[in-house]
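K.L.:
Dropping the structure in here first, questions after.
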Amino acid sequence: MANSSPAILPISNPQTTTDVTTTTTQQSAVRSLFSQISGTVRSGLSNSRPWPELVDRSAFSKPESISEATLRIRKNYAYFRINYISIITVVLAISLLTNPLSLFLLAGLLAAWFFLYIFRSASDPPLIILGRQFSDRETLVGLIASTVVVIFLTSVGSVLVSALMVGVAIVCLHGAFRAPEDLFLDEQEPQAGVPGFLSYFTGAAPAAPPVPARI
């Protein structure tokens, strides 16, 4: 009788399987995040006022005093809130696009936060860099230190602050010189119509379950 060769059993690498599962989970989390951001932006923009109404030249006039200018800014912000936020966002985007180094550093910082901390779960393998294993606490401390360095010791901080100042100045100038008498303001208008992260600009905090600390 011919000797029969033993059957070859498939051998799976647990580490490879874990890496594939982790990558798939992170990709799903990224897609979910961008989907939520896209939906929030579309919903927020749908609540914006007509742009021709924002730039109606016949509605512009010089305020008689600082108090009147302040009152105009408050009323116009209550009415054109989403439009103003869009203007500030566009100014920020233009500033970053005209400063590629700042855009690269900020994008790298955000990617590090997402993939090294936010999207990581307790079942993921520990982070290993240059043969050294890092715990979640050490990773968080490293990310915070990297954020401080990028924001305060590079051009990113100055670009963001300058862009915010320019955007806020544009909004304040428009709000001060745009007479709000023709606007139908509703002081009791609920701000819940602006979902997601836009609600932080409007003062309406979205109800969300508490997130346990990972430290």
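In the structure tokens, each chain is lettered A, B, ... as it comes, each chain's residues begin at 1, and ligands are numbered from 1 in order of appearance.
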At a cut-off of 10 Å, using only C-alpha atoms, what residues contact stretch 159-162 of chain A? Leave out same-chain residues fewer than 2 positions from it and give the result as a PyMOL selection string.
P.N.:
chain A and resi 91-93+95-96+98-99+102-103+151+154-157+164-168
K.L.:
For the selection just defined, write its residues with all heavy atoms to a file, as a compact mmCIF listing (two decimals), in the first residue's frame.
P.N.:
# COMPACT_ATOMS: atom_id res chain seq x y z
N VAL A 91 -13.65 81.43 4.78
CA VAL A 91 -12.41 82.17 5.05
C VAL A 91 -11.35 81.23 5.62
O VAL A 91 -10.17 81.28 5.23
CB VAL A 91 -12.69 83.34 6.00
CG1 VAL A 91 -11.39 84.00 6.43
CG2 VAL A 91 -13.60 84.37 5.34
N LEU A 92 -11.75 80.35 6.54
CA LEU A 92 -10.81 79.37 7.10
C LEU A 92 -10.27 78.44 6.01
O LEU A 92 -9.06 78.16 5.97
CB LEU A 92 -11.50 78.55 8.19
CG LEU A 92 -11.65 79.20 9.57
CD1 LEU A 92 -12.55 78.35 10.45
CD2 LEU A 92 -10.29 79.38 10.22
N ALA A 93 -11.16 77.97 5.14
CA ALA A 93 -10.74 77.05 4.08
C ALA A 93 -9.77 77.73 3.12
O ALA A 93 -8.74 77.15 2.74
CB ALA A 93 -11.97 76.54 3.33
N SER A 95 -7.80 80.27 3.77
CA SER A 95 -6.54 80.50 4.47
C SER A 95 -5.69 79.24 4.51
O SER A 95 -4.47 79.29 4.31
CB SER A 95 -6.81 81.00 5.89
OG SER A 95 -7.51 82.23 5.87
N LEU A 96 -6.31 78.09 4.77
CA LEU A 96 -5.56 76.84 4.82
C LEU A 96 -5.08 76.42 3.43
O LEU A 96 -3.97 75.91 3.27
CB LEU A 96 -6.41 75.74 5.44
CG LEU A 96 -6.67 75.87 6.94
CD1 LEU A 96 -7.66 74.81 7.41
CD2 LEU A 96 -5.37 75.74 7.72
N THR A 98 -4.30 78.35 0.99
CA THR A 98 -3.19 79.21 0.56
C THR A 98 -1.95 79.02 1.43
O THR A 98 -0.93 79.68 1.19
CB THR A 98 -3.64 80.68 0.62
OG1 THR A 98 -4.16 80.99 1.92
CG2 THR A 98 -4.71 80.96 -0.42
N ASN A 99 -2.05 78.17 2.44
CA ASN A 99 -0.90 77.82 3.27
C ASN A 99 -0.77 76.29 3.32
O ASN A 99 -1.21 75.65 4.28
CB ASN A 99 -1.05 78.38 4.68
CG ASN A 99 -1.00 79.89 4.73
OD1 ASN A 99 0.05 80.49 4.86
ND2 ASN A 99 -2.17 80.52 4.63
N SER A 102 0.57 74.53 6.55
CA SER A 102 -0.38 74.52 7.66
C SER A 102 -1.48 73.50 7.41
O SER A 102 -1.89 72.79 8.34
CB SER A 102 -0.98 75.92 7.85
OG SER A 102 0.03 76.85 8.18
N LEU A 103 -1.96 73.42 6.18
CA LEU A 103 -2.99 72.44 5.85
C LEU A 103 -2.48 71.02 6.04
O LEU A 103 -3.19 70.16 6.60
CB LEU A 103 -3.45 72.65 4.40
CG LEU A 103 -4.52 71.69 3.89
CD1 LEU A 103 -5.79 71.80 4.72
CD2 LEU A 103 -4.82 71.97 2.41
N ILE A 151 -0.15 73.54 17.06
CA ILE A 151 -0.97 74.75 17.11
C ILE A 151 -0.17 75.98 17.52
O ILE A 151 -0.32 77.06 16.95
CB ILE A 151 -2.16 74.55 18.08
CG1 ILE A 151 -3.08 73.43 17.56
CG2 ILE A 151 -2.95 75.85 18.22
CD1 ILE A 151 -3.71 73.69 16.23
N THR A 154 4.00 76.21 15.42
CA THR A 154 4.09 76.24 13.97
C THR A 154 3.17 77.33 13.43
O THR A 154 2.55 78.07 14.20
CB THR A 154 3.70 74.88 13.34
OG1 THR A 154 2.31 74.63 13.58
CG2 THR A 154 4.52 73.75 13.96
N SER A 155 3.07 77.41 12.13
CA SER A 155 2.24 78.45 11.51
C SER A 155 0.75 78.14 11.56
O SER A 155 -0.07 78.99 11.20
CB SER A 155 2.66 78.64 10.04
OG SER A 155 2.48 77.42 9.31
N VAL A 156 0.39 76.93 12.00
CA VAL A 156 -1.03 76.55 12.01
C VAL A 156 -1.85 77.48 12.90
O VAL A 156 -2.91 77.97 12.53
CB VAL A 156 -1.19 75.09 12.46
CG1 VAL A 156 -2.66 74.73 12.60
CG2 VAL A 156 -0.53 74.15 11.46
N GLY A 157 -1.35 77.72 14.12
CA GLY A 157 -2.09 78.56 15.05
C GLY A 157 -2.31 79.96 14.51
O GLY A 157 -3.44 80.50 14.58
N LEU A 164 -9.85 83.34 11.53
CA LEU A 164 -11.02 83.57 12.37
C LEU A 164 -11.26 85.06 12.59
O LEU A 164 -12.41 85.53 12.56
CB LEU A 164 -10.84 82.86 13.71
CG LEU A 164 -11.05 81.35 13.72
CD1 LEU A 164 -10.70 80.76 15.07
CD2 LEU A 164 -12.50 81.00 13.35
N MET A 165 -10.18 85.82 12.79
CA MET A 165 -10.34 87.25 12.99
C MET A 165 -10.89 87.93 11.74
O MET A 165 -11.76 88.80 11.83
CB MET A 165 -8.99 87.86 13.38
CG MET A 165 -8.50 87.45 14.76
SD MET A 165 -6.87 88.14 15.17
CE MET A 165 -7.26 89.89 15.18
N VAL A 166 -10.40 87.52 10.58
CA VAL A 166 -10.91 88.10 9.33
C VAL A 166 -12.38 87.74 9.13
O VAL A 166 -13.21 88.58 8.78
CB VAL A 166 -10.06 87.61 8.13
CG1 VAL A 166 -10.72 88.01 6.81
CG2 VAL A 166 -8.65 88.18 8.22
N GLY A 167 -12.72 86.46 9.37
CA GLY A 167 -14.11 86.04 9.21
C GLY A 167 -15.04 86.75 10.17
O GLY A 167 -16.13 87.22 9.78
N VAL A 168 -14.65 86.86 11.44
CA VAL A 168 -15.49 87.55 12.42
C VAL A 168 -15.60 89.03 12.08
O VAL A 168 -16.67 89.64 12.25
CB VAL A 168 -14.91 87.34 13.83
CG1 VAL A 168 -15.63 88.22 14.85
CG2 VAL A 168 -15.03 85.88 14.25
K.L.:
I want to know what sits within 9 Å of A:Pro63, based on only C-alpha atoms, with residues of the same chain fewer than 5 positions away left out; could you give that as a PyMOL selection string?
P.N.:
chain A and resi 68-69+72+176-179
K.L.:
Keeping only N, CA, C and O atoms, write those residues as a PDB file, in the first residue's frame.
P.N.:
ATOM      1  N   GLU A  68     -26.320 101.013  18.627  1.00  0.00           N
ATOM      2  CA  GLU A  68     -27.174 100.584  17.513  1.00  0.00           C
ATOM      3  C   GLU A  68     -26.459  99.548  16.657  1.00  0.00           C
ATOM      4  O   GLU A  68     -27.079  98.574  16.199  1.00  0.00           O
ATOM      5  N   ALA A  69     -25.169  99.748  16.443  1.00  0.00           N
ATOM      6  CA  ALA A  69     -24.407  98.771  15.671  1.00  0.00           C
ATOM      7  C   ALA A  69     -24.395  97.424  16.381  1.00  0.00           C
ATOM      8  O   ALA A  69     -24.545  96.366  15.736  1.00  0.00           O
ATOM      9  N   ARG A  72     -27.746  95.790  15.956  1.00  0.00           N
ATOM     10  CA  ARG A  72     -27.881  95.268  14.592  1.00  0.00           C
ATOM     11  C   ARG A  72     -27.133  93.941  14.440  1.00  0.00           C
ATOM     12  O   ARG A  72     -27.637  93.005  13.808  1.00  0.00           O
ATOM     13  N   ALA A 176     -23.271  95.178  11.377  1.00  0.00           N
ATOM     14  CA  ALA A 176     -23.402  96.552  11.850  1.00  0.00           C
ATOM     15  C   ALA A 176     -24.023  97.465  10.802  1.00  0.00           C
ATOM     16  O   ALA A 176     -24.762  98.408  11.151  1.00  0.00           O
ATOM     17  N   PHE A 177     -23.743  97.214   9.522  1.00  0.00           N
ATOM     18  CA  PHE A 177     -24.233  98.105   8.467  1.00  0.00           C
ATOM     19  C   PHE A 177     -25.491  97.587   7.778  1.00  0.00           C
ATOM     20  O   PHE A 177     -26.094  98.313   6.993  1.00  0.00           O
ATOM     21  N   ARG A 178     -25.907  96.379   8.076  1.00  0.00           N
ATOM     22  CA  ARG A 178     -27.128  95.833   7.464  1.00  0.00           C
ATOM     23  C   ARG A 178     -28.305  96.118   8.390  1.00  0.00           C
ATOM     24  O   ARG A 178     -28.409  95.582   9.488  1.00  0.00           O
ATOM     25  N   ALA A 179     -29.217  97.004   7.956  1.00  0.00           N
ATOM     26  CA  ALA A 179     -30.379  97.362   8.779  1.00  0.00           C
ATOM     27  C   ALA A 179     -31.327  96.175   8.855  1.00  0.00           C
ATOM     28  O   ALA A 179     -31.749  95.643   7.822  1.00  0.00           O
TER      29      ALA A 179
END
K.L.:
So, with only C-alpha atoms as the atoms that count, which of A:Leu183, A:Val171, A:Leu130, A:Leu116 lies closest to A:Ile73?
P.N.:
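The answer is A:Val171, which sits nearest to A:Ile73.
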K.L.:
Considering only C-alpha atoms, can you say which of A:Glu53, A:Asn47, A:Thr139, A:Ser61 comes closest to A:Ile85?
P.N.:
A:Asn47
K.L.:
Could you give me the residues within stretch 120-154 of chain A that DSSP places in alpha helix (DSSP H), as a list in words?
P.N.:
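Restricting stretch 120-154 of chain A to alpha helix (DSSP H) produces Asp136, Arg137, Glu138, Thr139, Leu140, Val141, Gly142, Leu143, Ile144, Ala145, Ser146, Thr147, Val148, Val149, Val150, Ile151 and Phe152 of chain A.
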